[in-house]
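Source file: target-v8.txt. Holds: compact mmCIF, C-alpha atoms.
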# COMPACT_ATOMS: atom_id res chain seq x y z
CA MET A 48 0.22 -9.01 28.23
CA ASP A 49 -0.82 -5.45 28.93
CA LYS A 50 -4.41 -4.79 27.77
CA VAL A 51 -3.40 -1.48 26.15
CA GLU A 52 -0.76 -3.26 24.06
CA LEU A 53 -3.20 -6.02 23.15
CA GLY A 54 -5.81 -3.46 22.08
CA LYS A 55 -3.20 -1.67 19.99
CA ARG A 56 -2.26 -4.90 18.22
CA ILE A 57 -5.88 -5.72 17.46
CA ARG A 58 -6.44 -2.22 16.09
CA GLU A 59 -3.27 -2.36 13.94
CA ALA A 60 -4.29 -5.75 12.52
CA ARG A 61 -7.80 -4.45 11.79
CA LEU A 62 -6.48 -1.36 10.01
CA PHE A 63 -3.98 -3.42 8.06
CA ARG A 64 -6.88 -5.55 6.84
CA LYS A 65 -8.82 -2.37 5.95
CA MET A 66 -11.69 -3.40 8.19
CA THR A 67 -14.05 -1.17 10.15
CA GLN A 68 -14.77 -1.89 13.79
CA SER A 69 -18.27 -3.06 12.83
CA GLU A 70 -16.87 -5.47 10.26
CA LEU A 71 -14.44 -6.96 12.75
CA ALA A 72 -17.00 -7.14 15.56
CA GLY A 73 -19.41 -9.09 13.38
CA ASP A 74 -22.24 -10.75 15.28
CA ALA A 75 -20.27 -11.97 18.30
CA ILE A 76 -19.49 -8.66 20.02
CA THR A 77 -20.67 -5.08 19.71
CA ARG A 78 -18.70 -2.38 17.97
CA ASN A 79 -18.63 -0.47 21.26
CA MET A 80 -17.04 -3.44 23.04
CA LEU A 81 -14.43 -3.70 20.30
CA SER A 82 -13.72 0.01 20.68
CA LEU A 83 -13.16 -0.48 24.43
CA ILE A 84 -10.85 -3.44 23.73
CA GLU A 85 -8.83 -1.51 21.14
CA SER A 86 -8.44 1.48 23.48
CA GLY A 87 -7.19 -0.77 26.27
CA THR A 88 -10.15 0.06 28.50
CA ALA A 89 -11.54 -3.49 28.42
CA SER A 90 -9.89 -6.90 28.25
CA PRO A 91 -11.34 -9.49 25.89
CA SER A 92 -12.16 -12.97 27.11
CA VAL A 93 -10.13 -15.82 25.63
CA LYS A 94 -13.14 -16.76 23.50
CA THR A 95 -13.51 -13.18 22.22
CA LEU A 96 -9.79 -12.94 21.50
CA GLN A 97 -9.90 -16.19 19.52
CA TYR A 98 -12.92 -14.88 17.60
CA LEU A 99 -11.16 -11.61 16.75
CA ALA A 100 -7.99 -13.42 15.67
CA GLU A 101 -10.05 -15.66 13.40
CA ARG A 102 -11.89 -12.67 11.88
CA LEU A 103 -8.56 -10.93 11.32
CA GLY A 104 -7.06 -14.04 9.76
CA VAL A 105 -4.16 -14.06 12.18
CA PRO A 106 -2.94 -16.78 14.48
CA TYR A 107 -4.24 -16.22 18.01
CA GLU A 108 -0.68 -16.42 19.32
CA HIS A 109 0.46 -13.43 17.25
CA LEU A 110 -1.85 -11.12 19.17
CA LEU A 111 -0.36 -12.32 22.46
CA ALA A 112 3.28 -12.84 21.45
CA PRO A 113 5.76 -10.62 23.30
CA LYS A 114 7.25 -7.79 21.30
CA GLU A 115 10.85 -8.04 20.27
CA GLU A 116 12.99 -5.93 22.51
CA LYS A 117 14.71 -4.16 19.65
CA GLU A 118 12.34 -2.64 17.14
CA GLU A 119 13.72 -0.86 14.15
CA ILE A 120 11.89 1.59 11.95
CA ALA A 121 10.77 -0.12 8.77
CA ASP A 122 11.79 1.37 5.43
CA THR A 123 9.13 -0.36 3.37
CA VAL A 124 5.63 -1.73 3.76
CA GLU A 125 7.07 -5.23 3.40
CA GLU A 126 9.22 -4.64 6.48
CA ALA A 127 6.42 -2.95 8.41
CA ALA A 128 3.79 -5.55 7.55
CA PRO A 129 2.81 -7.93 10.30
CA LYS A 130 4.45 -11.35 10.08
CA TRP A 131 1.08 -12.92 9.28
CA ALA A 132 0.38 -10.65 6.28
CA THR A 133 0.33 -12.47 2.96
CA PRO A 134 2.44 -11.19 0.05
CA VAL A 135 -0.73 -10.25 -1.82
CA GLU A 136 -1.92 -8.13 1.12
CA VAL A 137 1.43 -6.41 1.34
CA GLN A 138 1.45 -5.64 -2.39
CA TYR A 139 -2.14 -4.39 -2.25
CA ASN A 140 -1.19 -1.98 0.54
CA GLU A 141 1.81 -0.86 -1.50
CA LEU A 142 -0.52 -0.21 -4.44
CA LEU A 143 -2.82 1.90 -2.28
CA THR A 144 0.16 3.93 -1.10
CA GLY A 145 1.39 4.40 -4.69
CA LYS A 146 -2.06 5.49 -5.82
CA GLU A 147 -2.25 8.04 -3.04
CA LEU A 148 1.20 9.39 -3.91
CA TYR A 149 0.10 9.80 -7.53
CA ARG A 150 -3.21 11.39 -6.54
CA THR A 151 -1.41 13.92 -4.34
CA LYS A 152 1.02 14.72 -7.19
CA HIS A 153 4.07 13.15 -5.55
CA TYR A 154 5.04 11.58 -8.86
CA GLU A 155 8.68 10.77 -8.13
CA GLU A 156 7.72 9.06 -4.88
CA ALA A 157 4.96 7.10 -6.64
CA ILE A 158 7.48 5.86 -9.20
CA GLU A 159 10.00 4.94 -6.53
CA HIS A 160 7.31 3.20 -4.52
CA LEU A 161 5.79 1.13 -7.34
CA LYS A 162 8.63 0.52 -9.79
CA LYS A 163 9.71 -2.62 -7.94
CA TYR A 164 6.30 -4.12 -8.76
CA THR A 165 6.58 -3.61 -12.53
CA ASP A 166 7.87 -7.11 -13.18
CA LYS A 167 5.36 -9.64 -14.45
CA GLN A 168 5.69 -11.80 -11.32
CA SER A 169 4.10 -9.09 -9.18
CA LYS A 170 0.44 -9.42 -8.22
CA ILE A 171 -0.01 -5.68 -8.87
CA TYR A 172 2.00 -5.57 -12.10
CA ASP A 173 -0.74 -4.08 -14.29
CA GLU A 174 -1.73 -1.35 -11.85
CA ALA A 175 1.87 -0.51 -10.97
CA CYS A 176 2.83 -0.12 -14.65
CA ALA A 177 -0.15 2.16 -15.28
CA ILE A 178 0.61 4.44 -12.31
CA VAL A 179 4.33 4.54 -13.07
CA ALA A 180 3.61 5.43 -16.72
CA LYS A 181 1.25 8.24 -15.72
CA SER A 182 3.71 9.52 -13.11
CA TYR A 183 6.56 9.64 -15.63
CA TYR A 184 4.27 11.43 -18.07
CA GLU A 185 3.36 14.08 -15.51
CA LEU A 186 7.05 14.66 -14.80
CA ALA A 187 7.81 14.88 -18.53
CA LYS A 188 5.39 17.71 -19.20
CA PRO A 189 7.28 20.86 -20.19
CA LYS A 190 5.56 22.99 -17.55
CA VAL A 191 6.88 20.70 -14.82
CA ARG A 192 10.58 20.73 -15.67
CA THR A 193 12.80 23.05 -17.60
CA GLU A 194 15.61 20.57 -18.19
CA LYS A 195 15.31 19.20 -21.71
CA ALA A 196 17.26 16.01 -21.02
CA ALA A 197 15.20 15.18 -17.94
CA ASN A 198 11.92 15.77 -19.79
CA VAL A 199 13.00 13.51 -22.64
CA GLU A 200 14.05 10.72 -20.26
CA TYR A 201 10.79 10.95 -18.32
CA ALA A 202 8.82 10.93 -21.58
CA LYS A 203 10.74 7.86 -22.81
CA SER A 204 9.98 6.05 -19.56
CA ALA A 205 6.32 7.08 -19.76
CA ALA A 206 6.10 5.77 -23.33
CA ASP A 207 7.75 2.50 -22.30
CA TYR A 208 5.56 1.83 -19.25
CA ALA A 209 2.43 2.89 -21.16
CA THR A 210 2.79 -0.27 -23.29
CA LYS A 211 2.87 -2.70 -20.33
CA GLY A 212 0.12 -4.62 -18.63
CA ILE A 213 -3.59 -4.84 -19.22
CA TYR A 214 -3.95 -1.11 -18.69
CA ALA A 215 -1.60 -0.29 -21.57
CA ASN A 216 -2.51 3.18 -22.80
CA LYS A 217 -1.85 4.03 -26.46
CA ASN A 218 -2.94 7.64 -25.97
CA LEU A 219 -0.55 8.17 -23.08
CA ARG A 220 2.25 6.62 -25.14
CA ALA A 221 1.46 8.92 -28.07
CA GLU A 222 1.41 12.00 -25.84
CA ALA A 223 4.75 11.01 -24.31
CA LEU A 224 6.22 10.54 -27.80
CA PHE A 225 4.95 14.03 -28.77
CA ILE A 226 6.88 15.47 -25.83
CA ILE A 227 10.03 13.74 -27.06
CA GLN A 228 9.43 14.96 -30.60
CA ASP A 229 9.02 18.56 -29.37
CA TYR A 230 12.50 18.45 -27.85
CA ILE A 231 14.25 16.82 -30.81

Reformat the file's structure so that it appears as structure tokens.
Amino acid sequence: MDKVELGKRIREARLFRKMTQSELAGDAITRNMLSLIESGTASPSVKTLQYLAERLGVPYEHLLAPKEEKEEIADTVEEAAPKWATPVEVQYNELLTGKELYRTKHYEEAIEHLKKYTDKQSKIYDEACAIVAKSYYELAKPKVRTEKAANVEYAKSAADYATKGIYANKNLRAEALFIIQDYI
């Protein structure tokens, strides 16, 4: 395998695990050596590669496996996640993306991104419900939209999601119900 491709795979796995270079390097190699490996400037020994794979929690073979000839662009994090990623890791990354969408005021995208995790079987159910509720509430505010029907529907959804999960928010529900009342 090409050392540039190998370095890229190690870097992608490290970033997926939300690890710094120092965290991945640990005590066995220096951060500078890891940086050289990730950039494709240096090739790791078999022992170093096995160590890195173990630290990343991936099978050694996945770092060396040939790429599929046809790669398609992934539509979701689940599709883009490495084959070795656990469902919990995938959902956690989805949660981080949803939080960032909410924080940057992309409320509709946050809802679209997290709504699929608002069933009780999801590992991020509580957090997803809270962010979806807050996103619907932000969209329901009169200053955001001028369409009465849309505001009412967003407020109803906000009120509904505000009652779900351990982060259920009575104040948010009440504020959403006030919005509905103002339009009725």

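Coordinates place atom CA of A:Tyr184 at a distance of 9.3 Å from atom CA of A:Ala209.
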
Next on the checklist: Using all atoms listed in the file, can you tell me which of A:Ala206, A:Ala175, A:Leu99, A:Leu148 comes closest to A:Ala72?
Outcome noted: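 Once distances to A:Ala72 are computed over all atoms listed in the file, the minimum belongs to A:Leu99.
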
Checklist entry - Which polymer residues, protein or nucleic acid, are no farther than 10 Å from (4.3, 12.9, -15.3), counting all atoms listed in the file, as a ChimeraX atom specification? => result /A:149,152-155,158,178-189,191,198,201-202,204-205,223

Checklist entry - Interatomic distance between atom CA of A:Glu174 and atom CA of A:Gln228? => result 27.2 Å

Checklist outcome for this item: note - atom CA of A:Glu141 and atom CA of A:Leu161 are separated by 7.3 Å

Please enclose the listed atoms of stretch 210-214 of chain A in an axis-aligned box, pad each side by 6 Å, and write out the centre and the three edge lengths in Å, rounded to one decimal, as AutoDock Vina command-line options.
--center_x -0.5 --center_y -2.6 --center_z -21.0 --size_x 18.8 --size_y 16.6 --size_z 16.7

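Closest approach to A:Leu53 among A:Glu101, A:Asp74, A:Glu85, A:Asp207: A:Glu85, based on all atoms listed in the file.
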
Next on the checklist: Give me the residues near A:Thr67 as a PyMOL selection string, where near means some atom within 12 Å (using all atoms listed in the file) and where sequence neighbours in that chain fewer than 2 positions away do not count.
Outcome noted: chain A and resi 57-65+69-73+78+81-82+102-103

Checklist entry - Given the choices A:Ala89, A:Arg56, A:Lys170, A:Glu156, which gets closest to A:Pro134 if the distance is worked out from only C-alpha atoms? => result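 The closest residue to A:Pro134 is A:Lys170.
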
Next on the checklist: Using only C-alpha atoms, can you tell me which of A:Lys50, A:Lys195, A:His109, A:Lys55 comes closest to A:Pro91?
Outcome noted: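 Of A:Lys50, A:Lys195, A:His109, A:Lys55, the one nearest A:Pro91 is A:Lys50, counting only C-alpha atoms.
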
Checklist entry - From the list A:Ile171, A:Val93, A:Ala221, A:Ile231, which residue is nearest A:Val199 when using all atoms listed in the file? => result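 Using all atoms listed in the file, the shortest distance to A:Val199 belongs to A:Ile231.
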
Checklist entry - Using only C-alpha atoms, which of A:Asp173, A:Asp166, A:Glu222, A:Glu108 sits nearest A:Leu142? => result A:Asp173
